[in-house]
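Structure data (compact mmCIF, C-alpha atoms) from coords.txt:
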```txt
# COMPACT_ATOMS: atom_id res chain seq x y z
CA MET E 1 0.00 0.00 0.00
CA ASP E 2 1.37 3.41 -0.99
CA VAL E 3 1.62 5.91 1.80
CA PRO E 4 1.26 9.51 0.65
CA GLU E 5 4.01 11.98 1.34
CA ARG E 6 3.33 13.85 4.55
CA ASP E 7 4.58 16.89 6.33
CA CYS E 8 5.06 16.86 10.10
CA ALA E 9 1.39 17.76 10.72
CA GLY E 10 0.36 14.69 8.74
CA PHE E 11 2.68 12.50 10.79
CA GLU E 12 1.31 13.91 14.02
CA GLU E 13 -2.20 12.81 13.01
CA LEU E 14 -0.75 9.46 12.09
CA ALA E 15 0.98 9.26 15.47
CA SER E 16 -2.39 9.86 17.14
CA ALA E 17 -4.02 7.08 15.11
CA ALA E 18 -1.07 4.73 15.75
CA LEU E 19 -1.43 5.33 19.48
CA ASP E 20 -4.97 3.93 19.16
CA GLY E 21 -3.83 1.00 17.03
CA GLU E 22 -5.69 2.45 14.06
CA ALA E 23 -2.78 2.91 11.65
CA THR E 24 -2.32 0.46 8.80
CA PRO E 25 0.97 -1.50 8.72
CA ALA E 26 2.23 0.69 5.85
CA GLU E 27 1.33 3.86 7.76
CA ARG E 28 2.98 2.48 10.87
CA GLU E 29 6.15 1.76 8.94
CA ALA E 30 6.22 5.25 7.43
CA LEU E 31 5.62 6.78 10.85
CA ASP E 32 8.41 4.82 12.50
CA ALA E 33 10.80 5.89 9.75
CA HIS E 34 9.79 9.52 10.23
CA LEU E 35 10.04 9.45 14.01
CA VAL E 36 13.63 8.23 13.80
CA ARG E 37 14.72 11.46 12.16
CA CYS E 38 12.16 13.99 13.51
CA ASP E 39 12.58 15.00 17.16
CA GLY E 40 9.50 17.27 17.10
CA CYS E 41 7.09 14.52 15.98
CA ARG E 42 8.66 12.03 18.37
CA GLU E 43 8.10 14.40 21.28
CA GLU E 44 4.55 15.09 20.12
CA ALA E 45 3.81 11.33 19.99
CA GLU E 46 5.18 10.99 23.52
CA ARG E 47 3.02 13.92 24.71
CA PHE E 48 -0.08 12.24 23.23
CA ARG E 49 0.80 9.09 25.12
CA ARG E 50 1.20 10.98 28.41
CA LEU E 51 -2.05 12.83 27.79
CA ASP E 52 -3.97 9.58 27.32
CA ARG E 53 -2.45 8.19 30.50
CA ALA E 54 -3.50 11.27 32.43
CA LEU E 55 -7.04 11.12 31.01
CA ALA E 56 -7.39 7.41 31.81
CA ALA E 57 -6.06 7.93 35.33
CA ASP E 58 -8.76 10.49 35.98
CA ALA E 59 -11.58 7.93 35.60
CA PRO E 60 -12.71 5.91 38.62
CA ALA E 61 -13.38 2.19 38.49
CA GLY E 62 -17.03 1.23 38.18
CA PRO E 63 -18.86 0.50 41.45
CA PRO E 64 -18.88 -3.26 42.18
CA ALA E 65 -22.68 -3.27 42.52
CA LEU E 66 -23.02 -2.16 38.91
CA ALA E 67 -21.86 -5.53 37.58
CA ALA E 68 -24.50 -7.35 39.61
CA ARG E 69 -27.21 -5.00 38.38
CA VAL E 70 -26.11 -5.43 34.80
CA ASP E 71 -26.18 -9.21 35.27
CA ALA E 72 -29.75 -8.98 36.48
CA ILE E 73 -30.71 -6.94 33.42
CA VAL E 74 -28.97 -8.91 30.70
CA ARG E 75 -29.50 -12.46 31.94
CA PRO E 76 -32.59 -13.79 30.23
CA ALA E 77 -35.33 -15.38 32.30
CA PRO E 78 -35.04 -19.16 32.19
CA VAL E 79 -36.83 -20.40 29.11
CA VAL E 80 -39.12 -23.40 29.52
CA PRO E 81 -38.57 -25.70 26.55
CA GLU E 82 -41.53 -26.07 24.23
CA ARG E 83 -41.87 -29.76 25.01
CA ARG E 84 -41.97 -29.09 28.74
CA ARG E 85 -44.56 -26.38 28.19
CA ARG E 86 -46.66 -28.82 26.19
CA PHE E 87 -46.55 -31.41 28.94
CA ALA E 88 -47.30 -28.98 31.76
CA PRO E 89 -51.06 -29.70 31.57
CA LEU E 90 -50.36 -33.41 31.62
CA ALA E 91 -48.26 -33.00 34.73
CA ALA E 92 -51.10 -31.07 36.31
CA ALA E 93 -53.52 -33.84 35.34
CA ALA E 94 -51.26 -36.42 36.97
CA ALA E 95 -51.09 -34.33 40.14
CA LEU E 96 -54.87 -34.05 40.19
CA LEU E 97 -55.21 -37.80 39.78
CA VAL E 98 -52.98 -38.37 42.77
CA VAL E 99 -54.97 -35.91 44.88
CA ALA E 100 -58.26 -37.43 43.78
CA GLY E 101 -57.02 -40.92 44.54
CA ALA E 102 -55.83 -39.92 47.99
CA LEU E 103 -59.13 -38.20 48.66
CA LEU E 104 -61.26 -41.14 47.56
CA ASP E 105 -59.19 -43.55 49.62
CA SER E 106 -59.20 -41.42 52.72
CA GLY E 107 -62.69 -42.48 53.81
CA ASP E 108 -64.09 -40.88 56.89
CA ARG E 109 -61.02 -39.26 58.40
CA THR E 110 -62.91 -38.14 61.46
CA GLU E 111 -62.94 -41.70 62.78
CA ALA E 112 -59.23 -41.55 63.39
CA VAL E 113 -59.39 -38.48 65.59
CA ALA E 114 -62.74 -39.04 67.26
CA GLY E 115 -61.38 -40.93 70.30
CA ASP E 116 -63.37 -40.07 73.42
CA LEU E 117 -64.94 -36.86 72.16
CA PRO E 118 -68.62 -36.30 72.88
CA LEU E 119 -70.93 -37.43 70.12
CA ARG E 120 -72.03 -33.92 69.25
CA GLU E 121 -68.44 -32.77 68.64
CA ILE E 122 -67.73 -35.88 66.59
CA ALA E 123 -70.76 -35.13 64.45
CA GLU E 124 -69.59 -31.54 63.97
CA LEU E 125 -66.08 -32.69 63.00
CA GLN E 126 -67.56 -35.17 60.57
CA ARG E 127 -69.75 -32.51 59.02
CA ARG E 128 -66.78 -30.12 58.56
CA SER E 129 -64.65 -32.88 57.08
CA LEU E 130 -67.35 -33.74 54.56
CA ASP E 131 -67.76 -30.06 53.71
CA ASP E 132 -64.04 -29.74 53.07
CA GLN E 133 -64.01 -32.81 50.89
CA ALA E 134 -67.01 -31.64 48.90
CA LEU E 135 -65.35 -28.27 48.35
CA LEU E 136 -62.17 -29.97 47.25
CA MET E 137 -64.08 -32.15 44.78
CA GLU E 138 -65.80 -29.09 43.37
CA THR E 139 -62.48 -27.30 42.98
CA MET E 140 -61.06 -30.33 41.25
CA ARG E 141 -63.94 -30.45 38.80
CA TRP E 142 -63.21 -26.84 37.86
CA GLU E 143 -59.52 -27.58 37.52
CA LEU E 144 -60.24 -30.56 35.30
CA ARG E 145 -62.45 -28.46 33.02
CA ALA E 146 -59.73 -25.80 32.78
CA LEU E 147 -57.20 -28.50 32.06
CA ARG E 148 -59.33 -29.99 29.31
CA LEU E 149 -59.66 -26.56 27.68
CA GLU E 150 -55.92 -26.07 27.87
CA VAL E 151 -55.15 -29.45 26.32
CA ARG E 152 -57.68 -28.83 23.57
CA ALA E 153 -56.13 -25.43 22.89
CA LEU E 154 -52.77 -27.11 22.34
CA GLY E 155 -54.42 -29.10 19.54
CA GLU E 156 -51.92 -31.94 19.57
CA PRO E 157 -53.23 -35.20 18.09
CA ASP E 158 -51.18 -37.16 20.65
CA ASP E 159 -53.22 -35.65 23.43
CA ALA E 160 -56.45 -37.48 22.56
CA PRO E 161 -55.86 -40.18 25.24
CA VAL E 162 -55.24 -37.43 27.77
CA LEU E 163 -58.54 -35.77 26.88
CA GLU E 164 -60.27 -39.12 27.24
CA ARG E 165 -58.72 -39.59 30.63
CA ILE E 166 -59.79 -36.14 31.77
CA ASP E 167 -63.34 -36.82 30.55
CA ARG E 168 -63.40 -40.08 32.47
CA LEU E 169 -62.19 -38.26 35.59
CA LEU E 170 -64.88 -35.63 35.16
CA THR E 171 -67.56 -38.29 34.83
CA HIS E 172 -66.18 -40.02 37.87
CA ALA E 173 -66.09 -36.77 39.83
CA ALA E 174 -69.68 -35.94 38.84
CA ALA E 175 -70.82 -39.36 40.01
CA ALA E 176 -68.86 -39.16 43.28
CA PRO E 177 -71.10 -39.39 46.34
CA TRP E 178 -70.03 -35.99 47.68
CA PRO E 179 -72.96 -33.71 48.24
CA SER E 180 -72.44 -30.04 47.58
CA PRO E 181 -71.65 -28.16 50.81
CA SER E 182 -74.43 -25.68 50.14
CA THR E 183 -77.06 -28.45 50.10
CA ARG E 184 -75.91 -30.04 53.31
CA SER E 185 -76.12 -28.94 56.92
CA ARG E 186 -75.71 -25.29 55.89
CA ALA E 187 -78.99 -25.38 53.99
CA PRO E 188 -80.67 -22.61 56.02
CA ARG E 189 -77.71 -20.24 55.38
CA ALA E 190 -77.47 -21.26 51.76
CA ALA E 191 -81.01 -20.04 51.22
CA THR E 192 -79.92 -16.46 51.98
CA ALA E 193 -76.57 -16.72 50.23
CA PRO E 194 -76.10 -14.84 46.93
CA PRO E 195 -76.48 -16.93 43.76
CA ARG E 196 -73.27 -18.64 42.69
CA PRO E 197 -71.53 -17.17 39.67
CA ARG E 198 -71.74 -19.02 36.38
CA ASP E 199 -68.94 -21.38 35.58
CA PRO E 200 -67.22 -19.73 32.62
CA ILE E 201 -65.06 -22.74 31.98
CA GLY E 202 -67.91 -25.16 32.14
CA ASP E 203 -70.01 -22.99 29.82
CA ASP E 204 -67.45 -23.47 27.14
CA ARG E 205 -67.93 -27.19 26.94
CA MET Z 10 -26.35 -34.52 38.86
CA THR Z 11 -28.83 -31.66 39.22
CA GLN Z 12 -26.24 -29.72 41.21
CA GLU Z 13 -23.70 -30.23 38.45
CA LYS Z 14 -26.19 -29.02 35.88
CA ASP Z 15 -26.98 -25.99 38.03
CA GLN Z 16 -23.27 -25.21 38.24
CA GLU Z 17 -22.95 -25.59 34.48
CA HIS Z 18 -25.88 -23.23 33.96
CA ALA Z 19 -24.39 -20.70 36.39
CA ALA Z 20 -21.04 -20.89 34.61
CA ALA Z 21 -22.74 -20.43 31.24
CA ASP Z 22 -24.67 -17.43 32.61
CA ASP Z 23 -21.46 -15.92 33.96
CA ALA Z 24 -19.73 -16.39 30.63
CA ALA Z 25 -22.69 -14.84 28.82
CA SER Z 26 -22.84 -11.78 31.03
CA LEU Z 27 -19.08 -11.19 31.29
CA PRO Z 28 -18.85 -9.09 28.10
CA TYR Z 29 -21.72 -6.95 29.36
CA ARG Z 30 -19.93 -6.37 32.67
CA ARG Z 31 -16.95 -5.13 30.70
CA TYR Z 32 -19.19 -2.87 28.65
CA ALA Z 33 -20.68 -1.61 31.90
CA GLU Z 34 -17.23 -0.77 33.28
CA ARG Z 35 -16.19 1.04 30.11
CA GLY Z 36 -19.56 2.73 29.81
CA PHE Z 37 -19.26 3.88 33.40
CA ARG Z 38 -15.86 5.46 32.78
CA PHE Z 39 -17.17 7.19 29.68
CA ALA Z 40 -20.30 8.41 31.47
CA HIS Z 41 -18.19 9.60 34.38
CA ALA Z 42 -15.93 11.54 32.02
CA MET Z 43 -19.05 13.35 30.80
CA LEU Z 44 -20.93 13.73 34.08
CA ARG Z 45 -18.17 13.86 36.71
CA ASN Z 46 -20.43 12.14 39.21
CA VAL Z 47 -20.29 8.50 40.26
CA ASP Z 48 -24.00 8.10 41.04
CA ASP Z 49 -25.12 9.79 37.84
CA ALA Z 50 -22.69 7.73 35.77
CA GLU Z 51 -23.84 4.51 37.40
CA GLU Z 52 -27.52 5.31 36.89
CA THR Z 53 -26.86 6.31 33.30
CA VAL Z 54 -25.19 3.00 32.49
CA GLN Z 55 -27.91 1.05 34.23
CA GLU Z 56 -30.61 2.94 32.37
CA ALA Z 57 -28.85 2.36 29.07
CA PHE Z 58 -28.81 -1.38 29.73
CA CYS Z 59 -32.46 -1.35 30.74
CA ARG Z 60 -33.47 0.49 27.59
CA LEU Z 61 -31.50 -1.77 25.28
CA ALA Z 62 -32.78 -4.88 27.04
CA ALA Z 63 -36.36 -3.63 26.76
CA ALA Z 64 -35.79 -2.99 23.04
CA LYS Z 65 -34.17 -6.43 22.70
CA GLN Z 66 -30.99 -4.85 21.37
CA LEU Z 67 -28.40 -6.65 23.43
CA GLU Z 68 -26.96 -8.73 20.63
CA PRO Z 69 -23.39 -8.16 19.47
CA PRO Z 70 -21.79 -6.78 17.37
CA ALA Z 71 -24.16 -3.83 16.99
CA PHE Z 72 -24.49 -3.62 20.75
CA GLU Z 73 -21.25 -1.75 21.42
CA PRO Z 74 -21.86 1.43 19.41
CA ARG Z 75 -25.56 1.32 20.31
CA PHE Z 76 -24.74 1.07 24.01
CA PHE Z 77 -22.25 3.93 24.00
CA ARG Z 78 -24.57 6.11 21.93
CA THR Z 79 -27.33 5.44 24.45
CA VAL Z 80 -25.02 6.21 27.37
CA ARG Z 81 -23.93 9.42 25.66
CA ASN Z 82 -27.49 10.53 24.94
CA LEU Z 83 -28.63 9.76 28.48
CA ALA Z 84 -25.61 11.60 29.89
CA ILE Z 85 -26.42 14.62 27.73
CA ASP Z 86 -30.00 14.53 29.05
CA ARG Z 87 -28.65 14.53 32.59
CA LEU Z 88 -26.30 17.40 31.86
CA ARG Z 89 -29.21 19.39 30.47
CA GLN Z 90 -31.19 18.79 33.64
CA ARG Z 91 -28.38 19.94 35.88
CA PRO Z 92 -28.91 23.71 35.85
CA ARG Z 93 -32.37 23.11 37.26
CA ARG Z 94 -31.01 21.11 40.17
CA ALA Z 95 -30.79 22.85 43.48
CA HIS Z 96 -27.68 21.00 44.56
CA LEU Z 97 -24.82 19.38 42.71
CA PRO Z 98 -22.89 17.03 44.96
CA LEU Z 99 -19.14 17.16 44.76
CA ASP Z 100 -18.02 13.84 43.55
CA GLU Z 101 -14.41 13.49 44.50
CA SER Z 102 -14.91 11.98 47.96
CA ALA Z 103 -17.24 9.33 46.57
CA LEU Z 104 -14.81 8.04 44.00
CA PRO Z 105 -13.66 4.44 44.35
CA ALA Z 106 -10.02 3.57 44.04
CA ARG Z 107 -8.58 5.25 41.00
CA ALA Z 108 -6.30 3.71 38.48
CA ALA Z 109 -2.70 4.29 39.43
CA ALA Z 110 -1.42 7.45 37.80
CA PRO Z 111 2.12 8.60 37.46
CA PRO Z 112 2.77 11.16 40.16
CA ASP Z 113 3.60 13.88 37.66
CA ASP Z 114 0.15 13.44 36.03
CA ALA Z 115 -1.77 14.22 39.21
CA PRO Z 116 -1.79 18.03 38.94
CA LEU Z 117 -2.98 17.68 35.36
CA ALA Z 118 -6.41 16.37 36.29
CA PRO Z 119 -8.30 19.58 37.14
CA ARG Z 120 -6.82 21.44 34.18
CA LEU Z 121 -7.51 18.53 31.85
CA ARG Z 122 -11.15 18.35 32.92
CA ARG Z 123 -11.65 22.02 32.16
CA LEU Z 124 -9.91 21.67 28.81
CA VAL Z 125 -11.92 18.56 27.85
CA ALA Z 126 -15.13 20.38 28.76
CA ASP Z 127 -14.11 23.22 26.43
CA LEU Z 128 -13.49 20.97 23.43
CA PRO Z 129 -15.87 21.31 20.46
CA ALA Z 130 -18.74 18.78 20.60
CA PRO Z 131 -17.52 16.01 18.28
CA GLN Z 132 -14.01 16.06 19.73
CA ARG Z 133 -15.38 16.11 23.28
CA ASP Z 134 -17.35 12.93 22.53
CA ALA Z 135 -14.85 11.12 20.35
CA LEU Z 136 -11.79 11.27 22.61
CA PRO Z 137 -13.49 9.94 25.79
CA LEU Z 138 -15.16 7.22 23.72
CA ARG Z 139 -11.67 6.16 22.69
CA VAL Z 140 -9.80 6.67 25.97
CA HIS Z 141 -12.48 5.68 28.51
CA GLY Z 142 -14.82 3.60 26.36
CA GLY Z 143 -12.00 1.79 24.58
CA LEU Z 144 -13.94 1.88 21.31
CA ALA Z 145 -12.25 1.39 17.95
CA TYR Z 146 -12.64 4.19 15.44
CA ASP Z 147 -15.30 2.39 13.44
CA ALA Z 148 -17.37 1.82 16.59
CA ILE Z 149 -16.99 5.49 17.53
CA ALA Z 150 -18.04 6.40 14.01
CA ALA Z 151 -21.15 4.21 14.36
CA ALA Z 152 -21.94 5.70 17.77
CA LEU Z 153 -21.60 9.27 16.55
CA ASP Z 154 -23.05 8.78 13.06
CA ALA Z 155 -19.78 9.84 11.47
CA THR Z 156 -17.10 8.37 9.24
CA THR Z 157 -13.93 6.71 10.48
CA THR Z 158 -11.87 9.45 8.84
CA GLN Z 159 -13.81 12.11 10.74
CA VAL Z 160 -13.26 10.24 13.99
CA ARG Z 161 -9.54 9.98 13.33
CA THR Z 162 -9.34 13.72 12.68
CA TRP Z 163 -11.50 14.64 15.70
CA ILE Z 164 -9.39 12.55 18.04
CA PHE Z 165 -6.16 13.98 16.71
CA ARG Z 166 -7.47 17.55 16.97
CA ALA Z 167 -8.77 16.90 20.48
CA ARG Z 168 -5.36 15.65 21.59
CA ARG Z 169 -3.65 18.55 19.90
CA ARG Z 170 -6.00 21.06 21.48
CA LEU Z 171 -5.58 19.52 24.93
CA GLU Z 172 -1.82 19.56 24.55
CA ASP Z 173 -1.86 23.22 23.55
CA GLY Z 174 -4.20 24.00 26.42
CA LEU Z 175 -1.99 22.24 28.92
CA ARG Z 176 1.04 24.14 27.70
CA ARG Z 177 -0.86 27.43 27.90
CA THR Z 178 -2.22 26.80 31.38
CA GLU Z 179 0.93 25.29 32.81
CA PRO Z 180 1.60 26.83 36.21
CA ARG Z 181 4.60 29.08 36.02
CA PRO Z 182 7.32 28.71 38.62
CA GLU Z 183 7.05 31.26 41.37
CA ARG Z 184 9.27 34.28 40.80
CA THR Z 185 11.86 34.85 43.46
CA THR Z 186 13.32 38.13 44.54
CA HIS Z 187 16.83 36.78 44.59
CA GLY Z 188 19.24 38.89 42.69
CA ARG Z 189 17.18 42.08 43.08
CA SER Z 190 18.99 44.95 44.46
```

Output the file's structure in the form of structure tokens.
Amino acid sequence: MDVPERDCAGFEELASAALDGEATPAEREALDAHLVRCDGCREEAERFRRLDRALAADAPAGPPALAARVDAIVRPAPVVPERRRRFAPLAAAAALLVVAGALLDSGDRTEAVAGDLPLREIAELQRRSLDDQALLMETMRWELRALRLEVRALGEPDDAPVLERIDRLLTHAAAAPWPSPSTRSRAPRAATAPPRPRDPIGDDR
Amino acid sequence: MTQEKDQEHAAADDAASLPYRRYAERGFRFAHAMLRNVDDAEETVQEAFCRLAAAKQLEPPAFEPRFFRTVRNLAIDRLRQRPRRAHLPLDESALPARAAAPPDDAPLAPRLRRLVADLPAPQRDALPLRVHGGLAYDAIAAALDATTTQVRTWIFRARRRLEDGLRRTEPRPERTTHGRS
């Protein structure tokens, strides 16, 4: 590469660029040759170097907390793989099955704690336990409907057996011998209670 | 096994964010050169990262000039707001450990700051981007919407002007009365 003829001013600009590592090899060679025989340019290059050192020394180091904050900004939130996202409803269905199974097997839990309690307290405990179980069953029915909607929204052909299983669970839950809490011992209060909201998930069936 | 995977993920995260930490350090020095205040410089860098992350513009290689341009613009905004502030804290006492400077450079600092502040706009931006930001000329050109040739000239002229200024403002040795009759 040809390097144009320069006067000292031209070499000073070149010295500035070379200080930043921005001179081409040919320019660098021409500069070095010039600096050997020109005291003025050599001194100017040295002054530039000292100036840069002084400027750099006048800047503080960044606060240590800054790095941590930058990490928090630039690190992406953990991404859930598509396959895991797809199977999330199935995992939820499995969890529901376990809960349902445990509930159906639990029987009348009040027997275990009844002991020597007076009959009236035992009856009250039994009533509360049944209320809780009925509420849980109702919640599960809602969850199952939501789950079915979610699986249908995914639209995967492989999910047909899962939908079948959810339907079977729903049928089973509907046929379960758990009376609704509002129709049981709280009947007098239920009469004055506000009407229950519609089931938006169920309406979509 | 899970612990090993967690460690691998942490190491990968560290490796991924390391370049950004370096950008943060350089951006901080550049912002500090403009603002002369540690808190303002830190907030400016943080805000620049937030904005670029929100705009999903963190990917290299365009990140570097984009980041420094954002830092510069935010620093300019802060400088514009300053006259309206009731109080400007003096920054010197809050500075963390400074890079070691040759002893003979120490008295230069206050004069240099004044001279840098008096540089014409493109030179005032280009030289700190090079010295504090560590940007190559083409990155400075991208950050300032200029050509590499312009950047080269601006930086040379800035150095030249600072040199002249330092020579002009050099404290003169005190005159003694020795020899007077």

Original post:
What is the distance between atom CA of Z:Trp163 and atom CA of Z:Thr53, in Å to one decimal?
Top reply: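 Separation of atom CA of Z:Trp163 and atom CA of Z:Thr53: 24.8 Å.
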
Original post:
Which one of E:Leu154, E:Gln133, E:Ala54, E:Val70 sits closest to Z:Arg122 if you count all atoms listed in the file?
Top reply: E:Ala54

Per-residue nearest contacts of chain E to chain Z (6 Å; all atoms listed in the file) as CSV:
```
residue,atom,partner,partner_atom,distance
E:Glu13,CA,Z:Phe165,CA,5.5
E:Ser16,CA,Z:Phe165,CA,5.6
E:Ala54,CA,Z:Asp114,CA,5.6
E:Ala57,CA,Z:Ala108,CA,5.3
E:Ala59,CA,Z:Arg38,CA,5.7
E:Pro60,CA,Z:Arg107,CA,4.8
E:Gly62,CA,Z:Glu34,CA,5.3
E:Ala67,CA,Z:Arg30,CA,5.3
E:Asp71,CA,Z:Ser26,CA,6.0
```

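Shortest separation to E:Ala45 among E:Ala160, E:Met137, E:Cys8, E:Ala123 occurs at residue E:Cys8, atoms counted being all atoms listed in the file.
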
**OP:** Go through Z:Ala167, Z:Arg78, Z:Asp86, Z:Phe72 and flag the residue nearest Z:Pro129, using only C-alpha atoms for the distances.
**Re:** Z:Ala167

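You will find atom CA of E:Ile122 at 28.6 Å from atom CA of E:Arg141.
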
Subject >> Interatomic distance, atom CA of Z:Glu73 to atom CA of E:Ala17 (Å, one decimal) >> reply: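 Going from atom CA of Z:Glu73 over to atom CA of E:Ala17 covers 20.4 Å.
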
**OP:** Write out as a PyMOL selection string each polymer residue whose atoms come within 10 Å of E:Glu44, counting all atoms listed in the file; drop sequence neighbours fewer than 5 positions from it.
**Re:** (chain E and resi 11-12+15-16+35+39+49-50) or (chain Z and resi 169+172)

Subject >> Nearest candidate to Z:Ile85 (options Z:Ala126, Z:Leu44, Z:Ala155, Z:Leu138; using only C-alpha atoms) >> reply: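 Smallest separation from Z:Ile85 among the options: Z:Leu44.
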
Subject >> Proximity to Z:Leu128 - best of Z:Arg87, Z:Arg170, Z:Leu153, Z:Met43, all atoms listed in the file >> reply: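 Checking each candidate against Z:Leu128, we get Z:Arg170 as the closest.
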
Can you complete the atoms of stretch 129-152 of chain Z to N, CA and C atoms and list them as a compact mmCIF listing (two decimals), in the frame of the given file?
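That gives us part_22.txt:
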```txt
# COMPACT_ATOMS: atom_id res chain seq x y z
N PRO Z 129 -14.66 21.31 21.30
CA PRO Z 129 -15.87 21.31 20.46
C PRO Z 129 -16.58 19.95 20.54
N ALA Z 130 -17.90 19.95 20.33
CA ALA Z 130 -18.74 18.78 20.60
C ALA Z 130 -18.21 17.45 20.04
N PRO Z 131 -17.91 17.35 18.75
CA PRO Z 131 -17.52 16.01 18.28
C PRO Z 131 -16.21 15.53 18.89
N GLN Z 132 -15.29 16.45 19.12
CA GLN Z 132 -14.01 16.06 19.73
C GLN Z 132 -14.22 15.65 21.19
N ARG Z 133 -15.11 16.38 21.86
CA ARG Z 133 -15.38 16.11 23.28
C ARG Z 133 -16.00 14.73 23.45
N ASP Z 134 -16.75 14.27 22.46
CA ASP Z 134 -17.35 12.93 22.53
C ASP Z 134 -16.38 11.85 22.07
N ALA Z 135 -15.66 12.16 20.99
CA ALA Z 135 -14.85 11.12 20.35
C ALA Z 135 -13.68 10.68 21.23
N LEU Z 136 -12.99 11.64 21.83
CA LEU Z 136 -11.79 11.27 22.61
C LEU Z 136 -12.14 10.43 23.84
N PRO Z 137 -13.14 10.82 24.65
CA PRO Z 137 -13.49 9.94 25.79
C PRO Z 137 -14.01 8.58 25.35
N LEU Z 138 -14.70 8.54 24.20
CA LEU Z 138 -15.16 7.22 23.72
C LEU Z 138 -13.96 6.32 23.45
N ARG Z 139 -12.88 6.94 22.97
CA ARG Z 139 -11.67 6.16 22.69
C ARG Z 139 -10.92 5.83 24.00
N VAL Z 140 -10.68 6.84 24.81
CA VAL Z 140 -9.80 6.67 25.97
C VAL Z 140 -10.52 5.93 27.10
N HIS Z 141 -11.75 6.31 27.40
CA HIS Z 141 -12.48 5.68 28.51
C HIS Z 141 -13.34 4.50 28.04
N GLY Z 142 -13.96 4.67 26.86
CA GLY Z 142 -14.82 3.60 26.36
C GLY Z 142 -14.04 2.49 25.69
N GLY Z 143 -12.82 2.80 25.24
CA GLY Z 143 -12.00 1.79 24.58
C GLY Z 143 -12.54 1.37 23.22
N LEU Z 144 -13.34 2.25 22.60
CA LEU Z 144 -13.94 1.88 21.31
C LEU Z 144 -12.94 2.08 20.17
N ALA Z 145 -13.03 1.22 19.18
CA ALA Z 145 -12.25 1.39 17.95
C ALA Z 145 -12.89 2.53 17.15
N TYR Z 146 -12.13 3.04 16.19
CA TYR Z 146 -12.64 4.19 15.44
C TYR Z 146 -13.96 3.89 14.72
N ASP Z 147 -14.05 2.67 14.17
CA ASP Z 147 -15.30 2.39 13.44
C ASP Z 147 -16.50 2.32 14.39
N ALA Z 148 -16.28 1.85 15.61
CA ALA Z 148 -17.37 1.82 16.59
C ALA Z 148 -17.74 3.24 17.03
N ILE Z 149 -16.71 4.09 17.18
CA ILE Z 149 -16.99 5.49 17.53
C ILE Z 149 -17.77 6.15 16.40
N ALA Z 150 -17.35 5.84 15.17
CA ALA Z 150 -18.04 6.40 14.01
C ALA Z 150 -19.51 5.98 14.01
N ALA Z 151 -19.75 4.70 14.33
CA ALA Z 151 -21.15 4.21 14.36
C ALA Z 151 -21.92 4.88 15.49
N ALA Z 152 -21.25 5.09 16.62
CA ALA Z 152 -21.94 5.70 17.77
C ALA Z 152 -22.27 7.16 17.52
```
